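Structure first, commentary second.
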Amino acid sequence: MKKIYLYSMCCLLLLGSCIRPADVEVSPELPPVYPDYTDITIPPNIAPLHFMLRNDPDAMEVTIKGKVTDMTVRADRRVRFSAKKWRSLLEAEKGNPLTVQVTARVDGQWIRYAPFYWHIAPDEVDPYLSYRLIEPGYEVWNQIQLRERHVESFTEWVIADNNLTERSCMNCHVYGNQDPDLSFFHIRGGKGGTVLNRNGSLRKLNTLGEGMISTAVYGSFHPSGRYAVFSTNIIIPEFHAFRGEKLEVYDTVSDLIILDLDENRILTSPWVTETDALETFPVFSADGRFVYFCRAEPPALPDSISSLRYDLCRIAFDASAGEWGDRIDTVYAAQEHGKSVCHPKTSPDGRFLSFTVADYGTFPIWHRETDLHLMDLQTGEMDPLEIVNSDQSDTYHSWSSNSRWFVFASKREDGLYGKPYFCYVDSTGKAHKPFVLPQRDPAIYDDLLKSFNIPELSTGSLPFHAMDIEHWYNHTEAEPMKRIR
């Protein structure tokens, strides 16, 4: 077996010589690892899983054993791995389990904890992740950055900063086909518009067509890249007088539209615009033949907000003709189960439809009961993803291009700050225990008072940065869109 040792000679002399079998207390408990990286499945191209122990040891020895290699690391309270050695380990053990053994000195006593496991999946995750970094309170929405992170390392950069765009609100970044050359996000304000990144160039779109209730809000791309489907919403934020949800956001009216990005047309349908129903969170199916969306018959708002429940529906779309279908089908009647659906996402291979389920409404980030569900579109079976969900909000998910991974935002640690978690879905459709995005310093999640909002995976790095968006904001004219009824 090939051995990889990560320590200096002085560490060997100071720490290694102190660990004698007679001095070690064997514990049946798992070590208090933070972040919780115990018994997880990880991609073979993830950054090193740096971690620390919550019981403040003054010395540690960590041994990782696989089928063909092993690695020993000696550290104090925080364990960090050499990036080069880590990559070699994952490459050598791809598809294999790793056994992680932690021995730590706490208050002068060496303790050998029960081992835990890292299962290295055979499938990689898309190597780039974008997210909106924002304080989780409404009053500081004007301090926003969109960032991109290389998940195979700890490299991170700013792709948009509203300090450079007159503190205008920025909505989160969405990709088409996980392609870095096809994406959009919205910047509000007088000089704002929809930032369309397509084929290496940036465009500014004015998506407010004649007779529409608002500009484009929530949306996704057609797999062809020619179309994008959006909701248009009048959104009301209000505070709760009871329970723990803190802030509620709901629509008074909402419709769906499709933008033809080649011809600057807005395609509408009476089935999703000229009704009293609320339609929101549209997303194209993997083959582009359907639009999945959430639909509700509105109760009296805001007094009956707890009765606002959305079903998961779909309507056909003919891309060759640029036409909506003429019927709405209910895919999941959530109201019959006393639940409400939002944020549907289709896996790129077309097999799965993932979505968020809460007790009511469409703003689940302050609802502790919010969970992710997975529907197998081949069988119709529903998986409540018990191994994935927590007792806090789990939502805002995005698929990897190979349909084997998804990332989502979870408030599981404290109920306040959302963090990006990765979950593996194997070839049988089974979901595995998720893990949080690794950081260079494992204590950063204790100190960073910001949420990672709406994480999105992509296969490559975006072709623009914050200064490009500043120039776009100040010097690009918005292109009008013509509504076609």
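If you're wondering about the labels, chains in the structure tokens are A, B, ... by order shown, residues count from 1 in each chain, ligands from 1 in order shown.
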Check your understanding: Neighbours of A:Ser390 within 8 Å (only C-alpha atoms; same-chain residues fewer than 4 positions away dropped), as a list in words?
Key -> Asp371, Glu386, Asp394 and Arg412 of chain A
Review point. Which residues, written as a list in words, have at least one atom at most 10 Å from A:Met382, with only C-alpha atoms counted and residues fewer than 2 positions away on the same chain left out?
Key: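 In the requested format, the answer is Tyr332, Phe352, Leu353, Ser354, His373, Leu374, Met375, Asp376, Leu377, Thr379, Gly380, Pro384 and Leu385 of chain A.
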Let me see the file: selected residues, N, CA and C atoms, as a PDB file, in the first residue's frame.
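Below is the file that was written, selection38.pdb:
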```
ATOM      1  N   TYR A 332     -48.146  17.042  -9.067  1.00  0.00           N
ATOM      2  CA  TYR A 332     -48.194  16.679  -7.644  1.00  0.00           C
ATOM      3  C   TYR A 332     -49.172  17.601  -6.957  1.00  0.00           C
ATOM      4  N   PHE A 352     -35.280  12.905 -12.989  1.00  0.00           N
ATOM      5  CA  PHE A 352     -35.794  13.363 -11.705  1.00  0.00           C
ATOM      6  C   PHE A 352     -36.356  14.784 -11.779  1.00  0.00           C
ATOM      7  N   LEU A 353     -37.297  15.039 -10.889  1.00  0.00           N
ATOM      8  CA  LEU A 353     -37.798  16.380 -10.644  1.00  0.00           C
ATOM      9  C   LEU A 353     -37.680  16.614  -9.143  1.00  0.00           C
ATOM     10  N   SER A 354     -36.843  17.557  -8.759  1.00  0.00           N
ATOM     11  CA  SER A 354     -36.679  17.887  -7.342  1.00  0.00           C
ATOM     12  C   SER A 354     -37.417  19.182  -7.053  1.00  0.00           C
ATOM     13  N   HIS A 373     -37.794  17.314  -1.829  1.00  0.00           N
ATOM     14  CA  HIS A 373     -38.357  16.040  -2.264  1.00  0.00           C
ATOM     15  C   HIS A 373     -37.835  15.726  -3.662  1.00  0.00           C
ATOM     16  N   LEU A 374     -37.817  14.450  -3.994  1.00  0.00           N
ATOM     17  CA  LEU A 374     -37.326  13.995  -5.290  1.00  0.00           C
ATOM     18  C   LEU A 374     -38.363  13.070  -5.922  1.00  0.00           C
ATOM     19  N   MET A 375     -38.818  13.433  -7.125  1.00  0.00           N
ATOM     20  CA  MET A 375     -39.770  12.601  -7.856  1.00  0.00           C
ATOM     21  C   MET A 375     -39.064  11.929  -9.022  1.00  0.00           C
ATOM     22  N   ASP A 376     -39.222  10.621  -9.121  1.00  0.00           N
ATOM     23  CA  ASP A 376     -38.708   9.876 -10.256  1.00  0.00           C
ATOM     24  C   ASP A 376     -39.735   9.990 -11.378  1.00  0.00           C
ATOM     25  N   LEU A 377     -39.404  10.702 -12.440  1.00  0.00           N
ATOM     26  CA  LEU A 377     -40.355  10.940 -13.522  1.00  0.00           C
ATOM     27  C   LEU A 377     -40.614   9.686 -14.356  1.00  0.00           C
ATOM     28  N   THR A 379     -41.035   6.580 -12.895  1.00  0.00           N
ATOM     29  CA  THR A 379     -41.932   5.710 -12.129  1.00  0.00           C
ATOM     30  C   THR A 379     -43.014   6.473 -11.386  1.00  0.00           C
ATOM     31  N   GLY A 380     -42.831   7.764 -11.199  1.00  0.00           N
ATOM     32  CA  GLY A 380     -43.765   8.554 -10.403  1.00  0.00           C
ATOM     33  C   GLY A 380     -43.543   8.443  -8.910  1.00  0.00           C
ATOM     34  N   PRO A 384     -38.969  11.395  -0.019  1.00  0.00           N
ATOM     35  CA  PRO A 384     -38.924  12.563   0.869  1.00  0.00           C
ATOM     36  C   PRO A 384     -37.518  12.941   1.316  1.00  0.00           C
ATOM     37  N   LEU A 385     -36.510  12.215   0.855  1.00  0.00           N
ATOM     38  CA  LEU A 385     -35.101  12.545   1.096  1.00  0.00           C
ATOM     39  C   LEU A 385     -34.801  12.746   2.580  1.00  0.00           C
TER      40      LEU A 385
END
```
Check your understanding: Hey, what does DSSP flag as strand (DSSP E) within stretch 102-180 of chain A? Can you give it to me as a VMD selection string?
Key -> chain A and resid 102 to 106 109 to 112 116 to 120 128 to 134 145 to 150 156 to 161 174 to 176 179 to 180
Exercise for review: Looking only at alpha helix (DSSP H) from DSSP on the backbone, list the matching residues of stretch 254-333 of chain A as a VMD selection string.
Suggested key: chain A and resid 270 to 273
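Comparing the minimum interatomic distances between A:Pro348 and each of A:Asp260, A:Asp287, A:Glu297, A:Asp123, counting only C-alpha atoms, we find that A:Asp287 sits nearest.
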Exercise for review: Identify which of the residues A:Thr275, A:Thr69, A:Ser461, A:Asn199 lies closest to A:Arg147, counting only C-alpha atoms when measuring atom-to-atom distances.
Suggested key: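 Between A:Thr275, A:Thr69, A:Ser461, A:Asn199, the residue approaching A:Arg147 most closely is A:Ser461.
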Counting only C-alpha atoms, which residues of stretch 17-69 of chain A fall within 9 Å of stretch 92-98 of chain A, and what is the closest atom pair for each with its distance in Å at one decimal, ordered by chain and rising number, as a Markdown table?
```
| residue | atom | partner | partner_atom | distance |
| --- | --- | --- | --- | --- |
| A:Thr41 | CA | A:Pro97 | CA | 8.7 |
| A:Pro43 | CA | A:Lys94 | CA | 8.4 |
| A:Pro44 | CA | A:Lys94 | CA | 5.9 |
| A:Ile64 | CA | A:Leu98 | CA | 6.4 |
| A:Lys65 | CA | A:Leu98 | CA | 5.5 |
| A:Gly66 | CA | A:Leu98 | CA | 4.6 |
| A:Lys67 | CA | A:Glu93 | CA | 6.9 |
| A:Val68 | CA | A:Glu93 | CA | 6.9 |
| A:Thr69 | CA | A:Ala92 | CA | 7.3 |
```
Kindly export the residues of the current selection with N, CA, C and O atoms, as a tab-separated table (two decimals), in the first residue's frame.
```tsv
chain	number	residue	atom	x	y	z
A	41	THR	N	-20.62	10.76	1.35
A	41	THR	CA	-20.15	10.45	0.00
A	41	THR	C	-19.69	11.75	-0.65
A	41	THR	O	-20.42	12.75	-0.63
A	43	PRO	N	-17.44	13.73	-4.03
A	43	PRO	CA	-16.98	13.56	-5.42
A	43	PRO	C	-15.46	13.41	-5.47
A	43	PRO	O	-14.76	13.86	-4.55
A	44	PRO	N	-14.93	12.82	-6.52
A	44	PRO	CA	-13.48	12.64	-6.63
A	44	PRO	C	-12.75	13.91	-7.03
A	44	PRO	O	-11.52	13.88	-7.22
A	64	ILE	N	-6.00	8.25	7.31
A	64	ILE	CA	-6.99	7.93	6.29
A	64	ILE	C	-6.49	6.72	5.51
A	64	ILE	O	-5.40	6.75	4.94
A	65	LYS	N	-7.29	5.66	5.49
A	65	LYS	CA	-6.89	4.43	4.81
A	65	LYS	C	-7.89	4.08	3.72
A	65	LYS	O	-9.10	4.05	3.95
A	66	GLY	N	-7.36	3.82	2.53
A	66	GLY	CA	-8.18	3.35	1.43
A	66	GLY	C	-7.74	1.97	1.00
A	66	GLY	O	-7.02	1.27	1.73
A	67	LYS	N	-8.15	1.57	-0.19
A	67	LYS	CA	-7.77	0.25	-0.69
A	67	LYS	C	-6.35	0.22	-1.21
A	67	LYS	O	-5.68	-0.82	-1.17
A	68	VAL	N	-5.84	1.35	-1.72
A	68	VAL	CA	-4.51	1.35	-2.33
A	68	VAL	C	-3.56	2.37	-1.71
A	68	VAL	O	-2.37	2.34	-1.98
A	69	THR	N	-4.08	3.29	-0.90
A	69	THR	CA	-3.22	4.31	-0.30
A	69	THR	C	-3.64	4.53	1.14
A	69	THR	O	-4.71	4.13	1.57
```
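Using only C-alpha atoms, the smallest distance between any of A:His173, A:Phe317, A:Glu263, A:Ala121 and A:Arg404 comes from A:Ala121.
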Exercise for review: Write out as a VMD selection string each polymer residue whose atoms come within 6 Å of stretch 440-451 of chain A, counting only C-alpha atoms; drop sequence neighbours fewer than 6 positions from it.
Suggested key: chain A and resid 50 to 51 133 to 136 417 to 418
Report as a CSV table (one decimal) with C-alpha atoms, in the first residue's frame all protein, DNA and RNA residues lying within 6 Å of stretch 324-331 of chain A, evaluated on only C-alpha atoms, omitting residues in the same chain fewer than 6 positions from it.
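Contents of the output file around.csv:
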```
chain,number,residue,atom,x,y,z
A,312,LEU,CA,-46.8,21.3,-9.0
A,313,CYS,CA,-48.1,21.6,-12.5
A,314,ARG,CA,-46.9,21.5,-16.1
A,315,ILE,CA,-47.9,22.8,-19.5
A,316,ALA,CA,-46.5,21.9,-22.9
A,317,PHE,CA,-44.3,24.1,-25.1
```
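Counting only C-alpha atoms and comparing A:Trp110, A:Tyr131, A:Trp405, A:Tyr292, the residue that lies closest to A:Glu156 is A:Tyr131.
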Practice item. One decimal, Å: what's the distance from atom CA of A:Gln145 over to atom CA of A:Phe406, could you say? Key: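 Taking atom CA of A:Gln145 as the start and atom CA of A:Phe406 as the end point, the length is 22.4 Å.
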Check your understanding: Which residues come within 10 Å of stretch 465-471 of chain A, counting only C-alpha atoms, excluding same-chain residues fewer than 4 positions away, as a ChimeraX atom specification?
Key -> /A:145-148,157-166,187,195,202,475-476
Written file, previous selection with N, CA, C and O atoms, as an mmCIF file, in the first residue's frame:
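Output below, filename part.cif:
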```cif
data_model
loop_
_atom_site.group_PDB
_atom_site.id
_atom_site.type_symbol
_atom_site.label_atom_id
_atom_site.label_comp_id
_atom_site.auth_asym_id
_atom_site.auth_seq_id
_atom_site.Cartn_x
_atom_site.Cartn_y
_atom_site.Cartn_z
ATOM 1 N N GLN A 145 -23.204 40.620 -2.992
ATOM 2 C CA GLN A 145 -22.225 40.193 -3.983
ATOM 3 C C GLN A 145 -22.657 38.856 -4.581
ATOM 4 O O GLN A 145 -23.186 37.997 -3.870
ATOM 5 N N LEU A 146 -22.451 38.702 -5.873
ATOM 6 C CA LEU A 146 -22.533 37.400 -6.504
ATOM 7 C C LEU A 146 -21.101 36.900 -6.651
ATOM 8 O O LEU A 146 -20.236 37.610 -7.160
ATOM 9 N N ARG A 147 -20.844 35.684 -6.210
ATOM 10 C CA ARG A 147 -19.499 35.129 -6.235
ATOM 11 C C ARG A 147 -19.482 33.787 -6.958
ATOM 12 O O ARG A 147 -20.499 33.100 -7.063
ATOM 13 N N GLU A 148 -18.288 33.435 -7.423
ATOM 14 C CA GLU A 148 -18.072 32.140 -8.046
ATOM 15 C C GLU A 148 -16.922 31.456 -7.331
ATOM 16 O O GLU A 148 -15.912 32.090 -6.998
ATOM 17 N N TRP A 157 -13.981 34.273 -6.413
ATOM 18 C CA TRP A 157 -13.904 35.628 -6.930
ATOM 19 C C TRP A 157 -15.310 36.214 -7.056
ATOM 20 O O TRP A 157 -16.306 35.494 -7.034
ATOM 21 N N VAL A 158 -15.357 37.547 -7.184
ATOM 22 C CA VAL A 158 -16.628 38.272 -7.263
ATOM 23 C C VAL A 158 -17.017 38.426 -8.723
ATOM 24 O O VAL A 158 -16.223 38.894 -9.543
ATOM 25 N N ILE A 159 -18.246 38.039 -9.061
ATOM 26 C CA ILE A 159 -18.730 38.214 -10.435
ATOM 27 C C ILE A 159 -19.658 39.417 -10.568
ATOM 28 O O ILE A 159 -19.890 39.900 -11.673
ATOM 29 N N ALA A 160 -20.196 39.902 -9.453
ATOM 30 C CA ALA A 160 -21.018 41.124 -9.466
ATOM 31 C C ALA A 160 -21.072 41.657 -8.048
ATOM 32 O O ALA A 160 -21.175 40.887 -7.090
ATOM 33 N N ASP A 161 -20.999 42.985 -7.926
ATOM 34 C CA ASP A 161 -20.988 43.638 -6.618
ATOM 35 C C ASP A 161 -21.882 44.863 -6.708
ATOM 36 O O ASP A 161 -21.627 45.760 -7.516
ATOM 37 N N ASN A 162 -22.924 44.927 -5.876
ATOM 38 C CA ASN A 162 -23.829 46.064 -6.031
ATOM 39 C C ASN A 162 -23.263 47.356 -5.458
ATOM 40 O O ASN A 162 -23.864 48.414 -5.612
ATOM 41 N N ASN A 163 -22.083 47.310 -4.833
ATOM 42 C CA ASN A 163 -21.378 48.560 -4.521
ATOM 43 C C ASN A 163 -20.921 49.266 -5.797
ATOM 44 O O ASN A 163 -20.643 50.468 -5.779
ATOM 45 N N LEU A 164 -20.839 48.513 -6.901
ATOM 46 C CA LEU A 164 -20.427 49.088 -8.182
ATOM 47 C C LEU A 164 -21.616 49.445 -9.062
ATOM 48 O O LEU A 164 -21.436 49.957 -10.165
ATOM 49 N N THR A 165 -22.832 49.160 -8.577
ATOM 50 C CA THR A 165 -24.032 49.410 -9.385
ATOM 51 C C THR A 165 -25.078 50.178 -8.575
ATOM 52 O O THR A 165 -26.260 49.864 -8.598
ATOM 53 N N GLU A 166 -24.599 51.188 -7.852
ATOM 54 C CA GLU A 166 -25.471 52.111 -7.119
ATOM 55 C C GLU A 166 -26.340 51.400 -6.086
ATOM 56 O O GLU A 166 -27.476 51.788 -5.831
ATOM 57 N N ILE A 187 -30.588 42.837 -12.336
ATOM 58 C CA ILE A 187 -30.207 43.975 -11.514
ATOM 59 C C ILE A 187 -31.348 44.971 -11.571
ATOM 60 O O ILE A 187 -31.766 45.383 -12.665
ATOM 61 N N VAL A 195 -29.399 40.752 -16.960
ATOM 62 C CA VAL A 195 -28.068 40.512 -17.513
ATOM 63 C C VAL A 195 -28.098 39.160 -18.222
ATOM 64 O O VAL A 195 -28.184 38.120 -17.579
ATOM 65 N N LEU A 202 -22.391 40.005 -23.201
ATOM 66 C CA LEU A 202 -23.396 40.433 -22.247
ATOM 67 C C LEU A 202 -24.416 41.335 -22.929
ATOM 68 O O LEU A 202 -24.056 42.246 -23.674
ATOM 69 N N HIS A 475 -23.191 51.633 -19.032
ATOM 70 C CA HIS A 475 -22.958 52.027 -20.426
ATOM 71 C C HIS A 475 -23.721 51.201 -21.459
ATOM 72 O O HIS A 475 -23.544 51.418 -22.652
ATOM 73 N N THR A 476 -24.548 50.256 -21.020
ATOM 74 C CA THR A 476 -25.293 49.433 -21.966
ATOM 75 C C THR A 476 -26.763 49.837 -21.974
ATOM 76 O O THR A 476 -27.377 49.997 -20.918
#
```
Review point. So how many Å separate atom CA of A:Ser220 and atom CA of A:Ala296, to one decimal?
Key: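 These two atoms are separated by 20.1 Å.
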Exercise for review: Find the residues near A:Ser88: any atom within 12 Å, counting only C-alpha atoms, skip ones fewer than 6 places away on the same chain, and give them as a VMD selection string.
Suggested key: chain A and resid 2 to 4 44 to 48 68 to 71 81 to 82 94
Now that the selection is made, can you save its residues with N, CA and C atoms as an mmCIF file, in the first residue's frame?
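To be explicit, this is the file written out as result29.cif:
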```
data_model
loop_
_atom_site.group_PDB
_atom_site.id
_atom_site.type_symbol
_atom_site.label_atom_id
_atom_site.label_comp_id
_atom_site.auth_asym_id
_atom_site.auth_seq_id
_atom_site.Cartn_x
_atom_site.Cartn_y
_atom_site.Cartn_z
ATOM 1 N N LYS A 2 0.559 2.165 -0.888
ATOM 2 C CA LYS A 2 1.303 3.422 -0.939
ATOM 3 C C LYS A 2 0.960 4.283 0.258
ATOM 4 N N LYS A 3 1.948 4.878 0.901
ATOM 5 C CA LYS A 3 1.712 5.702 2.079
ATOM 6 C C LYS A 3 2.044 7.165 1.772
ATOM 7 N N ILE A 4 1.203 8.064 2.276
ATOM 8 C CA ILE A 4 1.426 9.495 2.130
ATOM 9 C C ILE A 4 1.487 10.090 3.525
ATOM 10 N N PRO A 44 -14.931 12.822 -6.524
ATOM 11 C CA PRO A 44 -13.484 12.645 -6.631
ATOM 12 C C PRO A 44 -12.749 13.912 -7.031
ATOM 13 N N ASN A 45 -13.482 15.039 -7.151
ATOM 14 C CA ASN A 45 -12.829 16.297 -7.535
ATOM 15 C C ASN A 45 -13.199 17.421 -6.587
ATOM 16 N N ILE A 46 -13.384 17.122 -5.305
ATOM 17 C CA ILE A 46 -13.735 18.143 -4.330
ATOM 18 C C ILE A 46 -12.476 18.660 -3.645
ATOM 19 N N ALA A 47 -12.524 19.901 -3.182
ATOM 20 C CA ALA A 47 -11.412 20.483 -2.425
ATOM 21 C C ALA A 47 -11.201 19.711 -1.127
ATOM 22 N N PRO A 48 -10.020 19.818 -0.526
ATOM 23 C CA PRO A 48 -9.743 19.087 0.711
ATOM 24 C C PRO A 48 -10.771 19.378 1.801
ATOM 25 N N VAL A 68 -5.845 1.351 -1.723
ATOM 26 C CA VAL A 68 -4.511 1.348 -2.329
ATOM 27 C C VAL A 68 -3.564 2.368 -1.708
ATOM 28 N N THR A 69 -4.080 3.289 -0.904
ATOM 29 C CA THR A 69 -3.219 4.307 -0.296
ATOM 30 C C THR A 69 -3.636 4.533 1.143
ATOM 31 N N ASP A 70 -2.765 5.192 1.898
ATOM 32 C CA ASP A 70 -3.172 5.761 3.179
ATOM 33 C C ASP A 70 -2.437 7.066 3.406
ATOM 34 N N MET A 71 -2.925 7.834 4.354
ATOM 35 C CA MET A 71 -2.389 9.164 4.613
ATOM 36 C C MET A 71 -2.463 9.423 6.109
ATOM 37 N N PHE A 81 -5.187 19.582 4.764
ATOM 38 C CA PHE A 81 -4.501 18.621 3.908
ATOM 39 C C PHE A 81 -3.756 19.354 2.791
ATOM 40 N N SER A 82 -2.640 18.822 2.387
ATOM 41 C CA SER A 82 -1.944 19.317 1.202
ATOM 42 C C SER A 82 -2.830 19.100 -0.017
ATOM 43 N N LYS A 94 -10.745 6.588 -6.268
ATOM 44 C CA LYS A 94 -12.032 6.908 -6.895
ATOM 45 C C LYS A 94 -12.936 5.676 -6.901
#
```
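In this model, the gap between atom CA of A:Arg289 and atom CA of A:Ala409 comes to 28.4 Å.
Nearest to A:Asp255 of all the residues A:Phe293, A:Trp472, A:Phe221, A:Tyr128 is A:Phe293, counting only C-alpha atoms.
Proximity to A:Ile387 at 10 Å, evaluated using only C-alpha atoms and with sequence-adjacent residues fewer than 2 positions away removed, yields Pro384, Leu385, Asn389, Ser390, Cys423, Lys430, Ala431, His432, Lys433 and Pro434 of chain A.
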